[in-house]
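**Q** For reference, the file structure_29.txt (compact mmCIF, C-alpha atoms) is included below:
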# COMPACT_ATOMS: atom_id res chain seq x y z
CA MET T 64 63.44 -60.98 18.23
CA ARG T 65 66.37 -63.40 18.81
CA GLU T 66 65.52 -65.77 15.95
CA ALA T 67 67.83 -66.82 13.14
CA PRO T 68 66.89 -65.01 9.91
CA SER T 69 67.82 -68.17 8.01
CA THR T 70 64.64 -69.76 9.37
CA TRP T 71 62.60 -67.49 7.08
CA SER T 72 61.65 -68.83 3.65
CA GLN T 73 61.96 -66.69 0.53
CA SER T 74 58.18 -66.44 0.24
CA GLU T 75 57.90 -65.19 3.83
CA SER T 76 60.58 -62.51 3.51
CA SER T 77 59.34 -61.39 0.09
CA ALA T 78 55.84 -60.95 1.45
CA LEU T 79 57.16 -58.97 4.41
CA PHE T 80 59.15 -56.61 2.18
CA GLY T 81 56.06 -56.03 0.04
CA ALA T 82 54.05 -55.26 3.16
CA MET T 83 56.72 -52.83 4.40
CA HIS T 84 56.50 -51.04 1.04
CA ALA T 85 52.71 -50.86 1.33
CA VAL T 86 52.98 -49.30 4.80
CA ALA T 87 55.57 -46.80 3.64
CA VAL T 88 53.42 -45.41 0.81
CA GLY T 89 50.26 -45.58 2.95
CA GLY T 90 47.97 -46.37 0.03
CA ALA T 91 49.22 -43.42 -1.99
CA ASP T 92 50.90 -43.45 -5.40
CA ARG T 93 54.25 -41.99 -4.43
CA GLU T 94 57.93 -42.81 -4.34
CA LEU T 95 59.66 -43.98 -1.21
CA THR T 96 61.71 -41.49 0.77
CA ARG T 97 65.41 -42.14 1.21
CA VAL T 98 64.92 -43.40 4.76
CA GLU T 99 61.95 -45.63 3.87
CA LYS T 100 63.90 -47.18 1.00
CA GLY T 101 66.95 -47.61 3.23
CA LEU T 102 64.91 -49.25 5.98
CA ILE T 103 63.38 -51.87 3.68
CA GLU T 104 66.62 -52.63 1.88
CA GLY T 105 68.61 -52.58 5.13
CA ALA T 106 66.16 -55.01 6.73
CA ALA T 107 66.47 -57.30 3.74
CA GLU T 108 70.26 -57.26 3.63
CA HIS T 109 71.21 -57.12 7.29
CA ILE T 110 68.36 -58.81 9.14
CA PHE T 111 67.07 -61.39 6.67
CA ASP T 112 70.21 -62.06 4.58
CA VAL T 113 68.49 -61.24 1.30
CA ASP T 114 70.72 -59.39 -1.15
CA GLY T 115 69.74 -57.23 -4.08
CA VAL T 116 66.29 -56.06 -2.95
CA ASP T 117 65.21 -52.87 -4.74
CA ALA T 118 62.56 -51.36 -2.49
CA ASP T 119 61.26 -49.13 -5.29
CA ALA T 120 60.44 -52.19 -7.41
CA LEU T 121 58.51 -54.09 -4.74
CA THR T 122 54.89 -55.10 -5.24
CA ASP T 123 52.53 -54.45 -2.36
CA VAL T 124 50.89 -57.47 -0.74
CA THR T 125 47.51 -57.45 0.95
CA PRO T 126 47.03 -58.32 4.63
CA ASP T 127 45.48 -61.66 3.64
CA GLU T 128 48.43 -62.43 1.36
CA LEU T 129 50.89 -61.64 4.15
CA ALA T 130 48.97 -63.83 6.60
CA ALA T 131 48.93 -66.68 4.08
CA ALA T 132 52.67 -66.37 3.50
CA ILE T 133 53.66 -66.09 7.19
CA THR T 134 51.96 -68.62 9.43
CA ASP T 135 54.62 -69.29 12.09
CA PRO T 136 53.67 -67.35 15.27
CA GLU T 137 57.24 -66.22 15.97
CA HIS T 138 57.69 -65.03 12.42
CA ARG T 139 54.40 -63.16 12.62
CA SER T 140 55.59 -61.48 15.81
CA THR T 141 58.77 -60.36 14.04
CA ALA T 142 56.82 -59.21 11.00
CA ILE T 143 54.56 -56.87 12.93
CA GLN T 144 57.53 -55.31 14.73
CA MET T 145 59.14 -54.56 11.37
CA LEU T 146 55.89 -53.12 10.00
CA VAL T 147 55.36 -50.92 13.08
CA LEU T 148 58.82 -49.49 12.54
CA VAL T 149 58.08 -48.23 9.02
CA PRO T 150 55.85 -45.21 9.85
CA TYR T 151 58.65 -43.81 12.01
CA ALA T 152 60.98 -43.62 9.00
CA ASP T 153 59.53 -40.19 8.31
CA THR T 154 59.82 -37.58 11.03
CA THR T 155 56.03 -37.63 11.37
CA VAL T 156 53.67 -40.56 11.86
CA ASP T 157 50.86 -40.37 9.30
CA SER T 158 47.39 -41.82 9.85
CA PRO T 159 47.19 -43.58 6.43
CA GLU T 160 50.41 -45.51 7.16
CA VAL T 161 49.17 -46.52 10.61
CA ALA T 162 45.88 -47.69 9.09
CA VAL T 163 47.81 -50.00 6.76
CA VAL T 164 49.79 -51.40 9.70
CA ASP T 165 46.51 -52.02 11.55
CA GLY T 166 45.22 -54.06 8.62
CA TYR T 167 48.29 -56.29 8.70
CA ALA T 168 48.11 -56.58 12.50
CA ASP T 169 44.52 -57.82 12.32
CA ALA T 170 45.36 -60.33 9.61
CA LEU T 171 48.39 -61.65 11.51
CA GLY T 172 46.60 -61.63 14.87
CA GLN T 173 49.45 -59.58 16.35
CA HIS T 174 48.80 -56.46 18.47
CA PRO T 175 51.96 -55.76 20.50
CA ASN T 176 52.57 -52.81 22.80
CA THR T 177 54.57 -51.13 20.05
CA LEU T 178 51.41 -50.98 17.90
CA ARG T 179 49.48 -49.30 20.70
CA ASP T 180 52.42 -46.92 21.14
CA LEU T 181 52.27 -46.12 17.42
CA HIS T 182 48.62 -45.14 17.82
CA GLN T 183 49.48 -42.80 20.68
CA VAL T 184 52.26 -41.14 18.67
CA ARG T 185 49.84 -40.70 15.76
CA ASP T 186 47.31 -39.08 18.10
CA LEU T 187 50.03 -36.95 19.77
CA HIS T 188 49.25 -38.51 23.17
CA ILE T 189 52.89 -38.31 24.18
CA LYS T 190 52.36 -37.73 27.90
CA ARG T 191 50.04 -40.72 28.10
CA LEU T 192 52.57 -42.79 26.17
CA LEU T 193 55.35 -41.67 28.49
CA VAL T 194 53.35 -42.85 31.51
CA ASP T 195 52.48 -46.18 29.88
CA TYR T 196 56.03 -46.80 28.70
CA GLY T 197 57.46 -45.82 32.08
CA ARG T 198 55.16 -48.27 33.84
CA ARG T 199 56.08 -51.09 31.47
CA SER T 200 59.79 -50.27 31.75
CA ILE T 201 59.74 -50.46 35.54
CA GLY T 202 57.92 -53.78 35.28
CA ALA T 203 60.40 -55.13 32.73
CA PHE T 204 63.38 -54.43 35.00
CA SER T 205 61.75 -55.64 38.22
CA GLU T 206 61.59 -58.97 39.98
CA ASN T 207 58.34 -60.77 39.30
CA THR T 208 56.74 -60.17 42.70
CA GLU T 209 53.86 -58.08 43.92
CA TYR T 210 56.10 -55.27 45.13
CA GLY T 211 58.93 -55.71 42.61
CA PRO T 212 58.02 -52.70 40.41
CA MET T 213 57.54 -50.49 43.46
CA ARG T 214 61.00 -51.42 44.79
CA THR T 215 62.58 -50.75 41.39
CA ALA T 216 60.95 -47.33 41.11
CA ALA T 217 62.01 -46.41 44.64
CA ARG T 218 65.59 -47.52 43.97
CA PHE T 219 65.74 -45.47 40.76
CA ILE T 220 64.50 -42.32 42.52
CA HIS T 221 66.84 -42.88 45.46
CA GLN T 222 69.88 -43.27 43.21
CA TYR T 223 68.87 -40.26 41.10
CA ILE T 224 68.94 -38.15 44.26
CA GLY T 225 72.28 -39.70 45.19
CA ASP T 226 73.62 -42.63 47.19
CA SER T 227 77.26 -42.51 48.26
CA HIS T 228 77.34 -46.23 49.08
CA VAL T 229 76.30 -47.12 45.54
CA THR T 230 78.74 -44.59 44.08
CA GLU T 231 81.64 -46.06 46.06
CA ARG T 232 81.12 -49.42 44.44
CA TRP T 233 81.13 -47.99 40.92
CA THR T 234 84.05 -45.58 41.35
CA ALA T 235 86.15 -48.58 42.40
CA LEU T 236 86.01 -49.66 38.75
CA GLU T 237 88.78 -47.16 38.05
CA GLY T 238 91.19 -49.63 39.62
CA TYR T 239 90.17 -52.55 37.39
CA PRO T 240 92.63 -53.70 34.69
CA GLU T 241 92.72 -51.59 31.55
CA GLY T 242 90.68 -53.20 28.81
CA SER T 243 88.36 -54.92 31.28
CA LEU T 244 84.67 -54.19 31.14
CA GLY T 245 84.78 -52.54 34.58
CA HIS T 246 87.60 -50.10 33.78
CA THR T 247 86.17 -49.38 30.33
CA PHE T 248 82.77 -48.67 31.89
CA PHE T 249 84.36 -46.17 34.29
CA VAL T 250 86.24 -44.41 31.47
CA PHE T 251 83.11 -44.42 29.28
CA TYR T 252 81.19 -42.51 31.96
CA ARG T 253 83.92 -40.11 32.99
CA ASP T 254 84.93 -39.19 29.44
CA ARG T 255 81.34 -38.20 28.69
CA GLY T 256 80.57 -36.52 31.99
CA PHE T 257 77.87 -39.06 32.83
CA PRO T 258 77.17 -39.44 36.57
CA LEU T 259 78.02 -42.95 37.73
CA PRO T 260 75.30 -44.97 39.45
CA GLY T 261 74.60 -43.39 42.81
CA GLU T 262 75.93 -39.96 41.82
CA HIS T 263 73.50 -37.04 41.89
CA HIS T 264 71.16 -36.89 38.87
CA GLY T 265 72.53 -40.14 37.44
CA THR T 266 70.38 -42.75 35.75
CA GLY T 267 71.47 -45.26 38.38
CA GLU T 268 71.99 -48.97 38.05
CA LEU T 269 68.86 -49.35 35.93
CA PHE T 270 70.81 -48.20 32.84
CA VAL T 271 73.96 -50.29 33.36
CA GLY T 272 72.83 -52.86 30.79
CA HIS T 273 72.13 -50.15 28.24
CA ASP T 274 75.49 -48.46 28.68
CA SER T 275 77.25 -51.81 28.67
CA SER T 276 75.51 -52.48 25.36
CA HIS T 277 77.19 -49.35 24.01
CA ILE T 278 80.59 -50.63 25.14
CA LEU T 279 80.21 -54.26 24.13
CA SER T 280 78.73 -53.43 20.73
CA GLY T 281 81.30 -50.67 20.18
CA THR T 282 78.61 -48.05 19.55
CA ASN T 283 79.10 -44.43 20.57
CA THR T 284 76.66 -41.97 22.17
CA ASP T 285 75.82 -39.43 19.46
CA GLY T 286 72.30 -39.49 17.99
CA PRO T 287 72.76 -42.00 15.13
CA SER T 288 74.75 -44.23 17.49
CA GLU T 289 72.01 -44.15 20.12
CA LEU T 290 69.58 -45.32 17.45
CA GLU T 291 71.99 -48.06 16.37
CA VAL T 292 72.46 -49.37 19.91
CA ALA T 293 68.68 -49.26 20.39
CA GLY T 294 68.43 -51.49 17.32
CA PHE T 295 71.01 -53.79 18.90
CA GLU T 296 68.85 -53.99 22.04
CA ALA T 297 65.75 -54.67 19.95
CA GLY T 298 67.51 -57.59 18.28
CA MET T 299 68.63 -58.99 21.63
CA SER T 300 65.14 -58.94 23.09
CA ALA T 301 63.15 -62.15 22.91
CA ASP T 302 59.86 -60.65 24.12
CA GLY T 303 59.50 -57.47 22.05
CA PHE T 304 60.41 -55.04 24.82
CA GLY T 305 63.58 -54.10 22.95
CA TYR T 306 61.43 -52.63 20.18
CA GLU T 307 59.69 -50.47 22.74
CA MET T 308 63.12 -49.19 23.79
CA LEU T 309 63.93 -48.49 20.13
CA LEU T 310 60.72 -46.46 19.88
CA GLU T 311 61.83 -44.27 22.80
CA VAL T 312 65.08 -43.42 21.05
CA ILE T 313 63.37 -42.79 17.70
CA LEU T 314 61.14 -40.20 19.36
CA ASP T 315 64.10 -38.46 21.00
CA TYR T 316 66.60 -38.58 18.16
CA HIS T 317 64.58 -38.76 14.95
CA MET T 318 61.18 -37.19 15.51
CA GLY T 319 62.26 -34.36 17.80
CA ILE T 320 59.82 -35.39 20.55
CA ASP T 321 61.20 -35.15 24.06
CA PHE T 322 60.66 -38.63 25.45
CA GLY T 323 63.39 -38.58 28.05
CA ALA T 324 66.40 -37.01 26.36
CA SER T 325 66.11 -33.73 28.28
CA SER T 326 66.21 -35.61 31.60
CA VAL T 327 69.85 -36.46 30.86
CA GLY T 328 70.69 -33.04 29.43
CA ILE T 329 70.23 -33.82 25.72
CA GLU T 330 68.06 -31.78 23.37
CA PRO T 331 65.69 -33.84 21.19
CA LYS T 332 66.86 -34.10 17.59
CA THR T 333 65.26 -34.61 14.18
CA GLY T 334 66.34 -36.84 11.31
CA GLU T 335 69.07 -38.87 13.03
CA PHE T 336 67.71 -42.26 11.89
CA ASP T 337 70.29 -44.04 9.71
CA PRO T 338 68.43 -47.13 8.43
CA ASP T 339 71.60 -49.00 7.50
CA ARG T 340 73.01 -48.55 11.00
CA VAL T 341 69.74 -49.39 12.76
CA THR T 342 69.15 -52.58 10.78
CA THR T 343 72.80 -53.57 11.23
CA GLY T 344 72.33 -53.01 14.97
CA ILE T 345 69.23 -55.20 15.00
CA ARG T 346 71.09 -58.03 13.28
CA ARG T 347 74.07 -57.77 15.63
CA GLY T 348 71.62 -57.97 18.52
CA ILE T 349 70.01 -61.08 17.04
CA ASP T 350 73.42 -62.71 16.72
CA CYS T 351 74.33 -61.83 20.32
CA ASN T 352 73.72 -64.89 22.50
CA VAL T 353 72.74 -63.04 25.70
CA ASP T 354 70.24 -60.30 26.54
CA LEU T 355 72.45 -57.67 28.19
CA ILE T 356 69.42 -55.68 29.30
CA ARG T 357 67.36 -58.33 31.03
CA ASP T 358 69.36 -61.53 31.69
CA TRP T 359 72.88 -60.47 32.52
CA ASP T 360 75.01 -59.69 35.58
CA PHE T 361 77.57 -56.90 35.07
CA TRP T 362 79.58 -57.71 38.18
CA SER T 363 80.12 -61.34 37.27
CA VAL T 364 82.21 -60.26 34.26
CA ALA T 365 83.44 -56.79 35.27
CA ASP T 366 87.06 -57.98 35.36
CA VAL T 367 86.89 -59.71 31.96
CA PRO T 368 88.39 -57.92 28.91
CA VAL T 369 85.80 -56.29 26.65
CA LEU T 370 87.22 -58.01 23.58
CA GLU T 371 86.94 -61.40 25.28
CA LEU T 372 83.31 -60.73 26.21
CA ARG T 373 82.47 -59.77 22.64
CA GLU T 374 83.80 -63.12 21.50
CA ARG T 375 81.97 -64.92 24.31
CA TYR T 376 78.66 -63.22 23.48
CA ASN T 377 79.08 -63.49 19.69
CA ILE T 378 79.00 -59.73 19.18
CA LEU T 379 80.46 -59.49 15.72
CA GLY T 380 82.73 -56.76 14.37
CA ASP T 381 86.14 -55.26 15.13
CA ARG T 382 85.26 -51.96 16.80
CA PRO T 383 87.58 -50.53 19.48
CA ALA T 384 86.80 -51.19 23.13
CA VAL T 385 87.39 -47.56 24.15
CA MET T 386 85.61 -44.98 22.01
CA GLU T 387 86.42 -41.28 21.91
CA PRO T 388 83.28 -39.47 23.08
CA PRO T 389 81.42 -37.22 20.65
CA GLU T 390 82.78 -33.68 20.73
CA PHE T 391 79.69 -32.31 22.46
CA GLN T 392 80.03 -34.87 25.27
CA ARG T 393 83.69 -34.36 26.12
CA THR T 394 84.28 -33.18 29.64
CA ASP T 395 86.99 -32.00 32.03
CA TRP T 396 85.63 -34.28 34.77
CA HIS T 397 89.10 -35.57 35.81
Turn the structure described in the file into structure tokens.

**A**
Amino acid sequence: MREAPSTWSQSESSALFGAMHAVAVGGADRELTRVEKGLIEGAAEHIFDVDGVDADALTDVTPDELAAAITDPEHRSTAIQMLVLVPYADTTVDSPEVAVVDGYADALGQHPNTLRDLHQVRDLHIKRLLVDYGRRSIGAFSENTEYGPMRTAARFIHQYIGDSHVTERWTALEGYPEGSLGHTFFVFYRDRGFPLPGEHHGTGELFVGHDSSHILSGTNTDGPSELEVAGFEAGMSADGFGYEMLLEVILDYHMGIDFGASSVGIEPKTGEFDPDRVTTGIRRGIDCNVDLIRDWDFWSVADVPVLELRERYNILGDRPAVMEPPEFQRTDWH
């Protein structure tokens, strides 16, 4: 996303909110659910800086009306990502809502991967989606060479099995100054019983940016917090991949579909989506001036205090650097 919401005109944002309402009701004459209402109003307040929107009072706009109101390509790209998010507000993805999204996508000329993912969730093609998403993820985190994705996949598997040389580098973070990113990262992992990169059955160095996003945004690791930090990552992303990452977490923590949670020892959950927290996370990610997932080097700032990095990266808020782990994640690792 990574665009300033202030660049949107009132007519653009109003049309988008009307379209989000139309998707939510899916052509039916019904009231919005609590989460649907919260998502639209949270997007208005937190992402687009529009106060006082009453989602229940919105008037639906047609696809042609939305396309006429939003002509900027970047704004259209943002609009479709917001519309794709709406069907996930419920814990099921309904065909009528997806059909409405498709109409807007055609009118805007926007058909991102997240829209194709939405179709697969609607059709319950979860295994196929998992393969597609896994392939795209490996590509997103790989060097842009012929064998880059293959090397990334091999490194992930190797570190999942265990690599003592990699582990040695990361355990050395215990000796970094208290309050630094490096020491905080070490404590974050140990307090929760997470294997450090290189330790057996760990997620390896591929997830360092994600876990650093937790620390630098001050967002914990329970279900609603995972959804919030996924929103933060979606806001940071300039190419839409962050919204694909948000989808993964929605499936695991809101729709009860195992899309990777069990691989790290977490049972899928239902109904954990807090729209206020997710939209706040998206806005904080937009305001952040660096993509911690794709364009950032952990080791270059490992000795810098977390609070200093938050100021440097424009990560707003006054959350503590060290967070007590959720009760279910506390461990006697030490």

**Q** By how many Å are atom CA of T:Thr343 and atom CA of T:Glu108 apart?

**A** 8.8 Å

**Q** With all atoms listed in the file as the basis for distance, which of T:Leu178, T:Leu269, T:Val124, T:Ala87 is at the shortest distance from T:Asp153?

**A** T:Ala87

**Q** I need the residue nearest T:Glu99 from this list: T:Thr208, T:Gln144, T:Thr154, T:Ser72. Use all atoms listed in the file for the distance.

**A**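 Once distances to T:Glu99 are computed over all atoms listed in the file, the minimum belongs to T:Thr154.
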
**Q** Name the closest residue to T:Gly81 among the candidates T:Gly334, T:Pro126, T:Gly105, T:Gly303; distances are taken between atoms, counting all atoms listed in the file.

**A**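 The shortest atom-to-atom distance to T:Gly81 comes from T:Pro126.
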
**Q** Find the distance between atom CA of T:Leu314 and atom CA of T:Asp112 and write it in Å to one decimal.

**A**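 Answer for the atom CA of T:Leu314 to atom CA of T:Asp112 separation: 27.9 Å.
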
**Q** Taking only C-alpha atoms into account, name the residue in T:Ala142, T:Leu102, T:Val88, T:Leu171 that is nearest to T:Asp127.

**A** T:Leu171

**Q** Which distance in Å separates atom CA of T:Leu146 and atom CA of T:Gly281, to one decimal?

**A**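 Distance between the two atoms: 27.5 Å.
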
**Q** Pick from T:Asp165, T:Asp302, T:Glu75, T:Asp315: nearest to T:Ser140, with only C-alpha atoms counted?

**A**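 Among the listed residues, T:Asp302 lies closest to T:Ser140.
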
**Q** Nearest residue to T:Glu289 out of T:Glu241, T:Leu379, T:Pro389, T:Trp362, using all atoms listed in the file?

**A**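 Distance minimum relative to T:Glu289 lands on T:Pro389.
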
**Q** Name the residues in contact with T:Ile378 at a cut-off of 7 Å, using only C-alpha atoms, excluding same-chain residues fewer than 3 positions from it; report them as a PDB file with C-alpha atoms, keeping the file's coordinate frame.

**A**
ATOM      1  CA  SER T 280      78.730 -53.430  20.730  1.00  0.00           C
ATOM      2  CA  ARG T 347      74.070 -57.770  15.630  1.00  0.00           C
ATOM      3  CA  ASP T 350      73.420 -62.710  16.720  1.00  0.00           C
ATOM      4  CA  CYS T 351      74.330 -61.830  20.320  1.00  0.00           C
ATOM      5  CA  ARG T 373      82.470 -59.770  22.640  1.00  0.00           C
ATOM      6  CA  GLU T 374      83.800 -63.120  21.500  1.00  0.00           C
TER       7      GLU T 374
END

**Q** Tell me, as an mmCIF file with C-alpha atoms, keeping the file's coordinate frame, which residues lie within 10 Å of T:Pro388, counting all atoms listed in the file; anything in the same chain fewer than 5 positions away does not count.

**A**
data_model
loop_
_atom_site.group_PDB
_atom_site.id
_atom_site.type_symbol
_atom_site.label_atom_id
_atom_site.label_comp_id
_atom_site.auth_asym_id
_atom_site.auth_seq_id
_atom_site.Cartn_x
_atom_site.Cartn_y
_atom_site.Cartn_z
ATOM 1 C CA PHE T 251 83.110 -44.420 29.280
ATOM 2 C CA TYR T 252 81.190 -42.510 31.960
ATOM 3 C CA ARG T 253 83.920 -40.110 32.990
ATOM 4 C CA ASP T 254 84.930 -39.190 29.440
ATOM 5 C CA ARG T 255 81.340 -38.200 28.690
ATOM 6 C CA GLY T 256 80.570 -36.520 31.990
ATOM 7 C CA ASN T 283 79.100 -44.430 20.570
ATOM 8 C CA THR T 284 76.660 -41.970 22.170
ATOM 9 C CA ASP T 285 75.820 -39.430 19.460
ATOM 10 C CA ARG T 393 83.690 -34.360 26.120
ATOM 11 C CA THR T 394 84.280 -33.180 29.640
#

**Q** With a distance cut-off of 9 Å and only C-alpha atoms, select the neighbouring residues of T:Phe295, excluding the residue or stretch itself and same-chain residues fewer than 5 positions from it, and output the selection as a ChimeraX atom specification.

**A** /T:276,280,290,300,305,309,341-349,351

**Q** If you count only C-alpha atoms, which residues fall within 6 Å of T:Gly272, apart from same-chain ones fewer than 2 positions away, as number ranges by chain?

**A** T: 270, 274-275, 355-356

**Q** Can you list, as a compact mmCIF listing (two decimals) with C-alpha atoms, keeping the file's coordinate frame, every protein, DNA or RNA residue that comes within 10 Å of T:Met83 when you count only C-alpha atoms, leaving out same-chain residues fewer than 6 positions away?

**A**
# COMPACT_ATOMS: atom_id res chain seq x y z
CA SER T 77 59.34 -61.39 0.09
CA GLY T 89 50.26 -45.58 2.95
CA GLU T 99 61.95 -45.63 3.87
CA LYS T 100 63.90 -47.18 1.00
CA LEU T 102 64.91 -49.25 5.98
CA ILE T 103 63.38 -51.87 3.68
CA ALA T 106 66.16 -55.01 6.73
CA ALA T 118 62.56 -51.36 -2.49
CA LEU T 121 58.51 -54.09 -4.74
CA ASP T 123 52.53 -54.45 -2.36
CA VAL T 124 50.89 -57.47 -0.74
CA ALA T 142 56.82 -59.21 11.00
CA ILE T 143 54.56 -56.87 12.93
CA MET T 145 59.14 -54.56 11.37
CA LEU T 146 55.89 -53.12 10.00
CA VAL T 147 55.36 -50.92 13.08
CA LEU T 148 58.82 -49.49 12.54
CA VAL T 149 58.08 -48.23 9.02
CA PRO T 150 55.85 -45.21 9.85
CA VAL T 163 47.81 -50.00 6.76
CA VAL T 164 49.79 -51.40 9.70
